[in-house]
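Participant: Supplied in C-alpha cells, the structure appears directly below.
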Amino acid sequence: MEDFEQNQNYEMIKERMKERPINRKKLMRRTMITVSMAVIFGAFACITFLVLEPVFTNLLHPEPEPEVIELPKETDELLPEDMLITEEEPVVQLPQPIIQKDGDVLEDYTLTYQKLYEITNNFRKSMVTVTGVNQNVDWFNNEYENKGQYSGIIFAGSSKQFFILVDSVALEQAEEIRVTFQDKTAVTGTFMQKDNNIGLSVVAVQLNDLSEETMDNIRIAKLGSTKSSSLLATPVIVLGRLFGNTESVGYGMITSKDNTLNLADCNYELLTTDIYGSRDATGFMINMSGNVLGIIKQDYNREEVENLISAVGITEVKRSLERMSNAQEAAYLGINGIDVTQEANSSLGVPLGAYVTGIVMDSPAMKAGIQSGDIITAINDTVITSFEQYTEILAQYKPEETVSVVIKRQGNSEYREITIPIILGKMK
C-alpha cells in the first residue's frame, strides 16, 4: 500500500519535457547572416585571387620586357647623291629618249614608265590599307558599317609586330582597325599612339596573325632623308589615296621646299611637287631608290596650289615615329619658334637659341608666362642654340615632368636671363 502511494506521488511530481517552439524569424535571421558572411568571404577571396594571381604569375613566369623600337639616326647634312643612291638599293636609271634629226622620238616614254612602275610595284610591298570601322544606325534603326580607307606603310618591325604609319583621319571614331595587305589578307590592328601636332598615327599588327605567304610579300619601307639642301627638281613618285581611292600613283618632281610649317614645339618642311591630285589626298612620296621622302598632307597648301601634291618631310616625322611605336606620350610646352641666325647674333647681339614667335593658347608655356620675343637658351642643364635643338631636347622628356626653362628677354638696354619652372603638358 505504501508502495502504491509512493508511486502515485511520483507520478504527480514527474515533469514532462516539451520541445521549445521554433522561432522562425530568428532562424531566418541567422541563416541570412551565415549566407551573407559566406558571400562576403567568397567575394573577398575572389578579389584577393584576382589581385595576387598576376603578381604570382609574373614572379613564376616573368614576361619579357617589350622591345624598344629604334630607327636609324640621321647624320649631318647629306648631298643629293648620298640621299638617292645606296649600296643596297641602287637608284634606277631611267632610259633617255633618242631623238632623230627630224624630231621623231624613236624610243618613247613607254620604257621609262615601265622602270617607274618597277619602283612603284616594289614599294607597294611596304604598303597596306588601313580601315577604321565603326557601327552606325540609320534613320530606320538599321545598323551598317561605316568604313574609312587610307594608305599606310610598314616602317619598322620587331620579333612580334609590324608597325604601320597612317594618317590619323583613318582612325577617327574607329571601333575596329582593319589592316589589309597586298595579297588581300586582312587582320586586326592595334592602335599604339598618335601625333596630334601633325595628324599621324602608328598601328601595330601581330606577326602571329600573318601567314608565311603573306610575310614573304612584305617589305619594311626604308625612310630616306630630307636634310639635303638641294632637293629641287628631284624626281619622285607619290602613292596612296591621291584621287579618291587607295591604288593611285603619280610621277613628277619636287618643285619647292622652302615652305616651313611652324607647328607647336616643332617645325616641319613641306615639299611641293608638280603632281596634280585631290585636295584630300593622303599617301607617301618616295625617291628613285624607293626610300620614303615625305608623308602627303594637303592641309597646308596655299590656295593657288591647293591641288598640287605636297608632303611633310620625313626627317621631321622620324622624331615622333620612335615615340609612337613605343606607345609613349609626347611632352608639350606649346611654343612656335625659329632659329636665331648667326647674322642676328653677331650684328644685333641677339642671343643664340630658340626664338619664340608665338605661344599656343592655354599651353604650359602660356601659363608659365613665356612671351613672343623670348629666346629659350637652355632646358635644365642643356644649352640650346637653335629651335631644332630645342625640339630634340624636349622630346627627351615626358608629360608631367617639371623642367627649368632658361629664357633671355630683351630689356631696355640688354637681354636679361630668367629661369622658369614649368610642368610639361600633353598635347591634346
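Every chain in the C-alpha cells has a letter given in the order shown (A, B, ...), and although residue numbers restart at 1 in each chain, ligands are simply numbered from 1 in the order shown.
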Enumerate the residues of stretch 313-365 of chain A with a DSSP assignment of alpha helix (DSSP H), computed from the backbone, and present them as an MDAnalysis selection string.
Facilitator: chainID A and resid 314:325 342:348 364:365
Participant: Taking the DSSP assignment computed from this structure's backbone, write out as a PyMOL selection string all residues of stretch 260-397 of chain A that belong to strand (DSSP E).
Facilitator: chain A and resi 260-263+266-276+282-286+292-297+308-313+331-332+335-339+354-359+375-379+382-383
Participant: Neighbours of A:Asp258 within 12 Å (only C-alpha atoms; same-chain residues fewer than 4 positions away dropped), as a list in words?
Facilitator: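 Final neighbour list, sorted by chain and number: Ser229, Ser230, Leu231, Leu232, Ile254, Tyr268, Glu269, Leu270, Leu271, Thr272, Ser310, Val312 and Gly313 of chain A.
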Participant: With distances taken over only C-alpha atoms, which residue among A:Ile379, A:Ala330, A:Met366, A:Ile418 lies nearest A:Asn196?
Facilitator: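 Closest to A:Asn196, using only C-alpha atoms: A:Ala330.
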Participant: Quick one: residues within 9 Å of A:Glu392, only C-alpha atoms counted, chain neighbours fewer than 5 positions away excluded, as a list in words?
Facilitator: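 Answer for this query is Cys266, Arg319 and Phe387 of chain A.
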Participant: Convert the current residue selection to file output with C-alpha atoms, as a CSV table (one decimal), in the first residue's frame.
Facilitator:
chain,number,residue,atom,x,y,z
A,266,CYS,CA,58.4,71.6,-83.9
A,319,ARG,CA,61.4,62.4,-84.5
A,387,PHE,CA,64.9,75.7,-82.5
Participant: Using only C-alpha atoms, which protein or nucleic acid residues come within 9 Å of stretch 234-243 of chain A? Drop anything in the same chain fewer than 2 positions from it, and give the result as a ChimeraX atom specification.
Facilitator: /A:80,116,119-120,124,127,149-152,230-232,245-255,273,275-288,290,293,296,309
Participant: Near A:Val130, counting only C-alpha atoms, which residues have an atom at most 12 Å away, once you skip same-chain residues fewer than 3 positions from it, shown as a PyMOL selection string?
Facilitator: chain A and resi 127+133+147-154+164-172+174+176-182+184-191+201-205+240-241+246+283
